[in-house]
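Peer 1: I am sharing run_18.txt, which consists of compact mmCIF, C-alpha atoms:
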```txt
# COMPACT_ATOMS: atom_id res chain seq x y z
CA MET A 3 -12.98 -0.08 -2.04
CA SER A 4 -14.81 2.55 -4.11
CA THR A 5 -14.31 2.68 -7.87
CA LEU A 6 -15.25 6.36 -7.98
CA HIS A 7 -12.77 9.17 -8.56
CA ALA A 8 -13.07 12.81 -9.60
CA ALA A 9 -10.80 15.17 -11.49
CA VAL A 10 -10.86 18.65 -13.02
CA ALA A 11 -9.53 19.38 -16.49
CA ASP A 12 -10.24 22.39 -18.72
CA ARG A 13 -12.66 23.81 -16.13
CA LEU A 14 -14.79 20.65 -16.22
CA LEU A 15 -15.21 18.42 -13.17
CA THR A 16 -15.73 14.77 -14.08
CA LEU A 17 -16.76 11.98 -11.72
CA CYS A 18 -15.83 8.57 -13.08
CA GLU A 19 -16.61 5.02 -12.05
CA GLY A 20 -13.44 3.23 -13.09
CA ASP A 21 -12.90 4.48 -16.65
CA THR A 22 -16.54 5.39 -17.20
CA PRO A 23 -17.62 9.04 -16.79
CA ARG A 24 -20.79 9.26 -14.67
CA LEU A 25 -21.08 13.01 -14.05
CA ALA A 26 -19.63 16.12 -15.69
CA ILE A 27 -20.12 19.66 -14.36
CA PRO A 28 -18.69 22.82 -15.95
CA LEU A 29 -17.16 24.93 -13.17
CA ASP A 30 -17.88 28.37 -14.61
CA GLN A 31 -21.52 28.13 -15.69
CA GLY A 32 -23.33 28.04 -12.35
CA GLY A 33 -26.64 26.26 -11.94
CA ARG A 34 -27.92 23.30 -9.96
CA HIS A 35 -27.10 19.65 -10.61
CA ARG A 36 -28.41 16.56 -8.84
CA LEU A 37 -26.92 13.12 -8.27
CA VAL A 38 -29.28 10.53 -6.79
CA ALA A 39 -27.52 7.65 -5.03
CA GLY A 40 -29.14 4.26 -4.56
CA ASP A 41 -28.05 4.01 -0.92
CA GLY A 42 -26.02 5.70 1.78
CA ALA A 43 -22.81 3.84 0.95
CA ILE A 44 -22.87 5.09 -2.63
CA ALA A 45 -23.61 8.64 -1.46
CA ARG A 46 -20.62 8.48 0.90
CA ASP A 47 -18.38 7.20 -1.90
CA VAL A 48 -19.51 10.02 -4.20
CA VAL A 49 -18.86 12.67 -1.57
CA ALA A 50 -15.47 11.16 -0.65
CA ALA A 51 -14.39 11.16 -4.31
CA LEU A 52 -15.49 14.77 -4.81
CA GLU A 53 -13.93 15.90 -1.54
CA ASP A 54 -10.51 14.84 -2.82
CA CYS A 55 -10.86 17.18 -5.80
CA PRO A 56 -9.31 20.68 -5.47
CA GLY A 57 -11.84 23.50 -5.40
CA VAL A 58 -14.75 21.36 -4.19
CA GLY A 59 -16.49 22.31 -0.95
CA ILE A 60 -18.71 19.81 0.89
CA LEU A 61 -21.60 21.07 3.01
CA PRO A 62 -23.11 18.22 5.08
CA ALA A 63 -26.63 18.33 6.45
CA SER A 64 -25.15 19.04 9.90
CA GLY A 65 -23.52 22.27 8.66
CA GLY A 66 -19.97 20.95 8.99
CA LEU A 67 -19.03 23.12 11.98
CA VAL A 68 -17.10 22.15 15.13
CA GLY A 69 -19.85 21.27 17.60
CA ASN A 70 -18.14 22.30 20.84
CA LEU A 71 -17.06 25.76 19.62
CA THR A 72 -19.43 28.69 19.52
CA VAL A 73 -20.73 29.84 16.15
CA ALA A 74 -18.59 32.98 16.46
CA ASP A 75 -15.47 30.88 17.16
CA ASN A 76 -16.28 28.59 14.23
CA PHE A 77 -16.36 31.53 11.86
CA ALA A 78 -13.20 33.01 13.35
CA LEU A 79 -11.48 29.66 12.73
CA LEU A 80 -12.93 28.81 9.33
CA LEU A 81 -12.73 32.29 7.83
CA ARG A 82 -9.33 32.93 9.42
CA TYR A 83 -9.98 36.22 11.12
CA ASP A 84 -6.76 38.06 11.89
CA ASP A 85 -5.94 40.41 14.74
CA ASP A 86 -6.74 43.62 12.92
CA ALA A 87 -9.73 45.17 14.70
CA GLU A 88 -10.93 47.09 11.65
CA ASP A 89 -10.79 43.97 9.48
CA ARG A 90 -12.62 41.93 12.13
CA GLY A 91 -15.33 44.56 12.34
CA ALA A 92 -15.90 44.49 8.58
CA ARG A 93 -16.01 40.68 8.60
CA ASP A 94 -18.45 40.66 11.51
CA GLN A 95 -20.77 43.01 9.63
CA GLU A 96 -20.52 40.87 6.51
CA LEU A 97 -21.29 37.73 8.52
CA GLU A 98 -24.24 39.30 10.32
CA ALA A 99 -25.71 40.57 7.04
CA ALA A 100 -25.35 37.13 5.44
CA LEU A 101 -27.06 35.37 8.35
CA GLN A 102 -29.95 37.82 8.21
CA PHE A 103 -30.11 37.37 4.44
CA CYS A 104 -30.73 33.67 5.12
CA GLY A 105 -33.82 34.47 7.16
CA LEU A 106 -32.41 34.79 10.69
CA THR A 107 -33.57 37.80 12.69
CA PRO A 108 -31.00 40.20 14.24
CA GLU A 109 -32.06 38.94 17.67
CA ARG A 110 -31.47 35.32 16.65
CA VAL A 111 -28.13 36.18 15.07
CA ALA A 112 -26.98 37.71 18.38
CA VAL A 113 -27.95 34.52 20.21
CA LEU A 114 -26.32 32.28 17.59
CA ALA A 115 -22.94 33.94 18.00
CA ARG A 116 -22.72 32.59 21.57
CA ALA A 117 -24.33 29.21 20.85
CA GLN A 118 -22.60 25.91 20.07
CA PRO A 119 -23.73 24.29 16.79
CA MET A 120 -24.40 20.96 18.52
CA HIS A 121 -27.16 22.69 20.52
CA LEU A 122 -28.93 24.15 17.48
CA GLU A 123 -31.68 22.62 15.40
CA ARG A 124 -30.44 20.86 12.28
CA SER A 125 -31.86 23.40 9.80
CA GLU A 126 -30.22 26.23 11.73
CA ARG A 127 -26.87 24.40 11.86
CA TRP A 128 -27.09 23.96 8.11
CA LYS A 129 -27.85 27.64 7.56
CA VAL A 130 -24.81 28.64 9.58
CA GLY A 131 -22.61 26.28 7.54
CA PHE A 132 -24.22 27.56 4.36
CA VAL A 133 -23.31 31.15 5.24
CA ARG A 134 -19.66 30.12 5.43
CA CYS A 135 -19.93 28.87 1.83
CA LEU A 136 -21.83 31.99 0.84
CA LEU A 137 -19.00 34.18 2.09
CA ARG A 138 -16.19 31.96 0.78
CA PRO A 139 -17.63 30.06 -2.19
CA PRO A 140 -15.86 26.95 -3.51
CA GLU A 141 -15.65 26.33 -7.24
CA LEU A 142 -18.20 23.55 -6.79
CA LEU A 143 -20.46 23.42 -3.74
CA VAL A 144 -21.69 19.91 -2.89
CA LEU A 145 -24.76 19.62 -0.66
CA ASP A 146 -24.50 16.22 0.97
CA ARG A 147 -27.91 14.56 1.57
CA LEU A 148 -29.55 17.83 2.55
CA PHE A 149 -33.12 16.52 2.45
CA ALA A 150 -32.75 13.24 4.35
CA GLY A 151 -35.16 13.21 7.29
CA LEU A 152 -36.73 16.61 6.56
CA THR A 153 -40.40 17.38 6.05
CA ARG A 154 -41.44 18.83 2.71
CA ARG A 155 -41.91 22.23 4.32
CA GLN A 156 -38.42 22.14 5.85
CA ALA A 157 -36.90 21.02 2.54
CA ASP A 158 -38.65 23.79 0.62
CA GLY A 159 -37.39 26.30 3.18
CA LEU A 160 -33.77 25.24 2.68
CA ILE A 161 -34.15 25.26 -1.11
CA ALA A 162 -35.30 28.88 -0.81
CA VAL A 163 -32.21 29.68 1.27
CA GLU A 164 -29.96 27.86 -1.22
CA ALA A 165 -31.28 30.12 -4.00
CA ILE A 166 -29.37 32.97 -2.34
CA TYR A 167 -26.12 31.26 -3.35
CA HIS A 168 -27.02 31.41 -7.05
CA ALA A 169 -28.04 35.04 -6.81
CA ARG A 170 -24.73 35.96 -5.15
CA HIS A 171 -22.49 33.58 -7.15
CA PRO A 172 -24.18 33.02 -10.54
CA PHE A 173 -21.17 31.25 -12.06
CA ARG A 174 -20.55 28.81 -9.18
CA PRO A 175 -22.36 25.45 -9.65
CA VAL A 176 -24.04 23.47 -6.88
CA LEU A 177 -24.37 19.69 -6.79
CA PHE A 178 -27.06 18.07 -4.64
CA VAL A 179 -26.10 14.53 -3.62
CA ASP A 180 -29.38 12.91 -2.57
CA LEU A 181 -30.57 9.47 -1.53
CA ASP A 182 -33.06 7.78 -3.83
CA SER A 183 -36.56 8.53 -2.55
CA HIS A 184 -40.01 9.20 -3.98
CA GLU A 185 -40.22 12.17 -1.60
CA LEU A 186 -37.27 14.13 -2.99
CA PRO A 187 -38.31 17.74 -3.61
CA ALA A 188 -37.95 19.13 -7.10
CA LEU A 189 -35.00 21.45 -7.70
CA PRO A 190 -35.77 24.65 -9.61
CA ASP A 191 -33.82 24.96 -12.87
CA CYS A 192 -31.88 21.73 -12.34
CA ARG A 193 -29.43 21.38 -15.24
CA SER A 194 -28.56 17.71 -14.92
CA LEU A 195 -29.75 14.58 -13.14
CA THR A 196 -27.43 11.60 -12.58
CA GLU A 197 -28.63 8.37 -11.01
CA LEU A 198 -26.22 5.89 -9.40
CA ALA A 199 -28.32 2.93 -8.37
CA GLU A 200 -25.28 0.73 -7.76
CA LEU A 201 -21.54 0.65 -8.29
CA ALA A 202 -19.40 -2.06 -9.80
CA GLU A 203 -17.36 -3.89 -7.19
CA ALA A 204 -13.71 -2.95 -7.15
CA THR A 205 -11.40 -5.77 -8.12
CA CYS A 206 -8.41 -6.34 -5.86
CA HIS A 207 -5.30 -8.03 -7.15
CA SER A 208 -2.84 -9.53 -4.75
```
Here is a file; write its structure as structure tokens.
Peer 2:
Amino acid sequence: MSTLHAAVADRLLTLCEGDTPRLAIPLDQGGRHRLVAGDGAIARDVVAALEDCPGVGILPASGGLVGNLTVADNFALLLRYDDDAEDRGARDQELEAALQFCGLTPERVAVLARAQPMHLERSERWKVGFVRCLLRPPELLVLDRLFAGLTRRQADGLIAVEAIYHARHPFRPVLFVDLDSHELPALPDCRSLTELAELAEATCHS
């Protein structure tokens, strides 16, 4: 059982291991933060603890969309489109502009609308999920193991896309949860670095 838990008080999110604070992020000051986990189990525990906290949005490397729905249907579901045609048209334009802003051509955007996320390349799935967060930003956006398995060029490309979030939402912070690796790319203007090499074992009392 994980000893990690997260809470928000006075606009400060704190991640604690038992009674010990391990990470603190102000929710209204924007910027990038990084937590480096010693292994996948710790990373999962961190994400699970943060996911339980109100106002936190988790974006996994897969994009977090329903794989057997089209991209258009995913956005209709996740952004809660209603039946008003005028409202849907405005949302569609906003969505299309955001996808193009993330480096997708108009031709590719038209194809994506009909495609299922499970049939897209991983970086494209992530971009689609990222656009959802761009349009509906959480108070803290957590990027879950974004760089695992990527080449340096792919990682740098997604960092460039992620910069769009800070330009559009300068007061919304982003936390990168990464696995410990010598190949982790540097994060521009990273405000804090937390390392969790291991966690204390939870004690169970019968």
Peer 1: With all atoms listed in the file as the basis for distance, which of A:Pro62, A:Gly131, A:Pro175, A:Pro140 is at the shortest distance from Asn76 in chain A?
Peer 2: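 For Asn76 in chain A, the nearest of the candidates is A:Gly131.
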Peer 1: Taking all atoms listed in the file into account, which of A:Ser4, A:Thr153, A:Gln31, A:Ser183 comes nearest Leu201 in chain A?
Peer 2: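 The shortest atom-to-atom distance to Leu201 in chain A comes from A:Ser4.
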Peer 1: Taking (-18.0, 28.2, 3.4) in the file's own coordinates, collect the residues within 12 Å, counting only C-alpha atoms, and hand them back as a VMD selection string.
Peer 2: chain A and resid 57 to 62 65 to 67 76 to 77 79 to 82 97 100 128 to 145 167
Peer 1: From the list A:Ile44, A:Val38, A:Ala11, A:Ala26, which residue is nearest Glu197 in chain A when using all atoms listed in the file?
Peer 2: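 Closest residue, counting all atoms listed in the file: A:Val38.
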Peer 1: Please provide as a short mmCIF file (atom, residue, chain, number, x, y, z; two decimals) with C-alpha atoms, in the frame of the given file all residues within 10 Å of Asp146 in chain A, with the sequence filter that same-chain residues fewer than 5 positions apart are discarded (counting all atoms listed in the file).
Peer 2:
```
data_model
loop_
_atom_site.label_atom_id
_atom_site.label_comp_id
_atom_site.auth_asym_id
_atom_site.auth_seq_id
_atom_site.Cartn_x
_atom_site.Cartn_y
_atom_site.Cartn_z
CA ALA A 45 -23.61 8.64 -1.46
CA ARG A 46 -20.62 8.48 0.90
CA VAL A 48 -19.51 10.02 -4.20
CA VAL A 49 -18.86 12.67 -1.57
CA ILE A 60 -18.71 19.81 0.89
CA LEU A 61 -21.60 21.07 3.01
CA PRO A 62 -23.11 18.22 5.08
CA ALA A 63 -26.63 18.33 6.45
CA SER A 64 -25.15 19.04 9.90
CA GLY A 65 -23.52 22.27 8.66
CA LEU A 177 -24.37 19.69 -6.79
CA PHE A 178 -27.06 18.07 -4.64
CA VAL A 179 -26.10 14.53 -3.62
CA ASP A 180 -29.38 12.91 -2.57
CA LEU A 181 -30.57 9.47 -1.53
#
```
Peer 1: Under the rule that all atoms listed in the file are counted, which of A:Glu19, A:Glu96, A:Ala9, A:Gly33 is the nearest residue to Arg174 in chain A?
Peer 2: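 Selected residue with least distance to Arg174 in chain A: A:Gly33.
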Peer 1: Which residues are close to Ile27 in chain A, i.e. within 8 Å by all atoms listed in the file, leaving aside same-chain residues fewer than 6 positions away? Reply as an NGL selection string.
Peer 2: :A and (14-16 or 35 or 175)
Peer 1: Using all atoms listed in the file, can you tell me which of A:Val176, A:Ala112, A:Ala150, A:Leu195 comes closest to Asp41 in chain A?
Peer 2: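 Under the stated criterion, the closest residue is A:Ala150.
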Peer 1: Supply range 164-175 of chain A as a PDB file, in the coordinates of the input, with all heavy atoms built in where the input has gaps.
Peer 2:
```pdb
ATOM      1  N   GLU A 164     -31.020  28.217  -0.279  1.00  0.00           N
ATOM      2  CA  GLU A 164     -29.960  27.860  -1.220  1.00  0.00           C
ATOM      3  C   GLU A 164     -29.982  28.743  -2.457  1.00  0.00           C
ATOM      4  O   GLU A 164     -28.937  29.006  -3.070  1.00  0.00           O
ATOM      5  CB  GLU A 164     -30.099  26.374  -1.595  1.00  0.00           C
ATOM      6  CG  GLU A 164     -28.977  25.813  -2.451  1.00  0.00           C
ATOM      7  CD  GLU A 164     -29.259  25.929  -3.931  1.00  0.00           C
ATOM      8  OE1 GLU A 164     -30.441  26.193  -4.302  1.00  0.00           O
ATOM      9  OE2 GLU A 164     -28.322  25.774  -4.727  1.00  0.00           O
ATOM     10  N   ALA A 165     -31.164  29.249  -2.830  1.00  0.00           N
ATOM     11  CA  ALA A 165     -31.280  30.120  -4.000  1.00  0.00           C
ATOM     12  C   ALA A 165     -30.448  31.389  -3.846  1.00  0.00           C
ATOM     13  O   ALA A 165     -30.027  31.995  -4.835  1.00  0.00           O
ATOM     14  CB  ALA A 165     -32.744  30.481  -4.242  1.00  0.00           C
ATOM     15  N   ILE A 166     -30.193  31.782  -2.596  1.00  0.00           N
ATOM     16  CA  ILE A 166     -29.370  32.970  -2.340  1.00  0.00           C
ATOM     17  C   ILE A 166     -27.975  32.788  -2.917  1.00  0.00           C
ATOM     18  O   ILE A 166     -27.356  33.728  -3.412  1.00  0.00           O
ATOM     19  CB  ILE A 166     -29.306  33.240  -0.821  1.00  0.00           C
ATOM     20  CG1 ILE A 166     -30.708  33.534  -0.272  1.00  0.00           C
ATOM     21  CG2 ILE A 166     -28.347  34.381  -0.495  1.00  0.00           C
ATOM     22  CD1 ILE A 166     -30.771  33.536   1.247  1.00  0.00           C
ATOM     23  N   TYR A 167     -27.475  31.550  -2.853  1.00  0.00           N
ATOM     24  CA  TYR A 167     -26.120  31.260  -3.350  1.00  0.00           C
ATOM     25  C   TYR A 167     -26.027  31.577  -4.842  1.00  0.00           C
ATOM     26  O   TYR A 167     -25.047  32.169  -5.302  1.00  0.00           O
ATOM     27  CB  TYR A 167     -25.803  29.792  -3.089  1.00  0.00           C
ATOM     28  CG  TYR A 167     -24.367  29.405  -3.354  1.00  0.00           C
ATOM     29  CD1 TYR A 167     -23.394  29.572  -2.378  1.00  0.00           C
ATOM     30  CD2 TYR A 167     -23.978  28.860  -4.571  1.00  0.00           C
ATOM     31  CE1 TYR A 167     -22.069  29.210  -2.607  1.00  0.00           C
ATOM     32  CE2 TYR A 167     -22.668  28.492  -4.813  1.00  0.00           C
ATOM     33  CZ  TYR A 167     -21.718  28.663  -3.828  1.00  0.00           C
ATOM     34  OH  TYR A 167     -20.411  28.310  -4.063  1.00  0.00           O
ATOM     35  N   HIS A 168     -27.046  31.185  -5.601  1.00  0.00           N
ATOM     36  CA  HIS A 168     -27.020  31.410  -7.050  1.00  0.00           C
ATOM     37  C   HIS A 168     -27.154  32.886  -7.391  1.00  0.00           C
ATOM     38  O   HIS A 168     -26.579  33.355  -8.377  1.00  0.00           O
ATOM     39  CB  HIS A 168     -28.128  30.595  -7.721  1.00  0.00           C
ATOM     40  CG  HIS A 168     -27.996  29.132  -7.493  1.00  0.00           C
ATOM     41  ND1 HIS A 168     -27.094  28.346  -8.169  1.00  0.00           N
ATOM     42  CD2 HIS A 168     -28.630  28.312  -6.623  1.00  0.00           C
ATOM     43  CE1 HIS A 168     -27.183  27.104  -7.732  1.00  0.00           C
ATOM     44  NE2 HIS A 168     -28.102  27.058  -6.795  1.00  0.00           N
ATOM     45  N   ALA A 169     -27.913  33.606  -6.568  1.00  0.00           N
ATOM     46  CA  ALA A 169     -28.040  35.040  -6.810  1.00  0.00           C
ATOM     47  C   ALA A 169     -26.721  35.760  -6.553  1.00  0.00           C
ATOM     48  O   ALA A 169     -26.354  36.688  -7.275  1.00  0.00           O
ATOM     49  CB  ALA A 169     -29.146  35.612  -5.914  1.00  0.00           C
ATOM     50  N   ARG A 170     -25.991  35.295  -5.529  1.00  0.00           N
ATOM     51  CA  ARG A 170     -24.730  35.960  -5.150  1.00  0.00           C
ATOM     52  C   ARG A 170     -23.559  35.453  -5.988  1.00  0.00           C
ATOM     53  O   ARG A 170     -22.624  36.212  -6.269  1.00  0.00           O
ATOM     54  CB  ARG A 170     -24.464  35.719  -3.671  1.00  0.00           C
ATOM     55  CG  ARG A 170     -23.240  36.439  -3.149  1.00  0.00           C
ATOM     56  CD  ARG A 170     -23.287  36.603  -1.663  1.00  0.00           C
ATOM     57  NE  ARG A 170     -22.113  37.280  -1.153  1.00  0.00           N
ATOM     58  CZ  ARG A 170     -22.050  37.880   0.026  1.00  0.00           C
ATOM     59  NH1 ARG A 170     -23.114  37.903   0.812  1.00  0.00           N
ATOM     60  NH2 ARG A 170     -20.951  38.463   0.429  1.00  0.00           N
ATOM     61  N   HIS A 171     -23.608  34.181  -6.398  1.00  0.00           N
ATOM     62  CA  HIS A 171     -22.490  33.580  -7.150  1.00  0.00           C
ATOM     63  C   HIS A 171     -23.040  32.871  -8.387  1.00  0.00           C
ATOM     64  O   HIS A 171     -23.076  31.630  -8.451  1.00  0.00           O
ATOM     65  CB  HIS A 171     -21.732  32.596  -6.265  1.00  0.00           C
ATOM     66  CG  HIS A 171     -21.269  33.164  -4.969  1.00  0.00           C
ATOM     67  ND1 HIS A 171     -20.307  34.154  -4.882  1.00  0.00           N
ATOM     68  CD2 HIS A 171     -21.638  32.896  -3.688  1.00  0.00           C
ATOM     69  CE1 HIS A 171     -20.104  34.473  -3.615  1.00  0.00           C
ATOM     70  NE2 HIS A 171     -20.901  33.726  -2.877  1.00  0.00           N
ATOM     71  N   PRO A 172     -23.480  33.623  -9.393  1.00  0.00           N
ATOM     72  CA  PRO A 172     -24.180  33.020 -10.540  1.00  0.00           C
ATOM     73  C   PRO A 172     -23.331  32.071 -11.375  1.00  0.00           C
ATOM     74  O   PRO A 172     -23.890  31.259 -12.132  1.00  0.00           O
ATOM     75  CB  PRO A 172     -24.621  34.235 -11.358  1.00  0.00           C
ATOM     76  CG  PRO A 172     -23.705  35.349 -10.942  1.00  0.00           C
ATOM     77  CD  PRO A 172     -23.403  35.093  -9.500  1.00  0.00           C
ATOM     78  N   PHE A 173     -22.013  32.127 -11.255  1.00  0.00           N
ATOM     79  CA  PHE A 173     -21.170  31.250 -12.060  1.00  0.00           C
ATOM     80  C   PHE A 173     -20.567  30.098 -11.256  1.00  0.00           C
ATOM     81  O   PHE A 173     -19.690  29.378 -11.746  1.00  0.00           O
ATOM     82  CB  PHE A 173     -20.050  32.070 -12.725  1.00  0.00           C
ATOM     83  CG  PHE A 173     -20.579  33.138 -13.635  1.00  0.00           C
ATOM     84  CD1 PHE A 173     -20.511  34.483 -13.279  1.00  0.00           C
ATOM     85  CD2 PHE A 173     -21.176  32.810 -14.846  1.00  0.00           C
ATOM     86  CE1 PHE A 173     -21.019  35.472 -14.102  1.00  0.00           C
ATOM     87  CE2 PHE A 173     -21.679  33.793 -15.687  1.00  0.00           C
ATOM     88  CZ  PHE A 173     -21.607  35.126 -15.314  1.00  0.00           C
ATOM     89  N   ARG A 174     -21.034  29.901 -10.023  1.00  0.00           N
ATOM     90  CA  ARG A 174     -20.550  28.810  -9.180  1.00  0.00           C
ATOM     91  C   ARG A 174     -21.629  27.715  -9.129  1.00  0.00           C
ATOM     92  O   ARG A 174     -22.722  27.951  -8.620  1.00  0.00           O
ATOM     93  CB  ARG A 174     -20.258  29.296  -7.766  1.00  0.00           C
ATOM     94  CG  ARG A 174     -19.251  30.427  -7.699  1.00  0.00           C
ATOM     95  CD  ARG A 174     -17.840  29.925  -7.657  1.00  0.00           C
ATOM     96  NE  ARG A 174     -16.882  31.016  -7.573  1.00  0.00           N
ATOM     97  CZ  ARG A 174     -15.639  30.874  -7.145  1.00  0.00           C
ATOM     98  NH1 ARG A 174     -15.203  29.689  -6.753  1.00  0.00           N
ATOM     99  NH2 ARG A 174     -14.823  31.895  -7.117  1.00  0.00           N
ATOM    100  N   PRO A 175     -21.347  26.511  -9.649  1.00  0.00           N
ATOM    101  CA  PRO A 175     -22.360  25.450  -9.650  1.00  0.00           C
ATOM    102  C   PRO A 175     -22.540  24.808  -8.287  1.00  0.00           C
ATOM    103  O   PRO A 175     -21.655  24.858  -7.427  1.00  0.00           O
ATOM    104  CB  PRO A 175     -21.806  24.441 -10.665  1.00  0.00           C
ATOM    105  CG  PRO A 175     -20.323  24.631 -10.598  1.00  0.00           C
ATOM    106  CD  PRO A 175     -20.110  26.099 -10.326  1.00  0.00           C
TER     107      PRO A 175
END
```
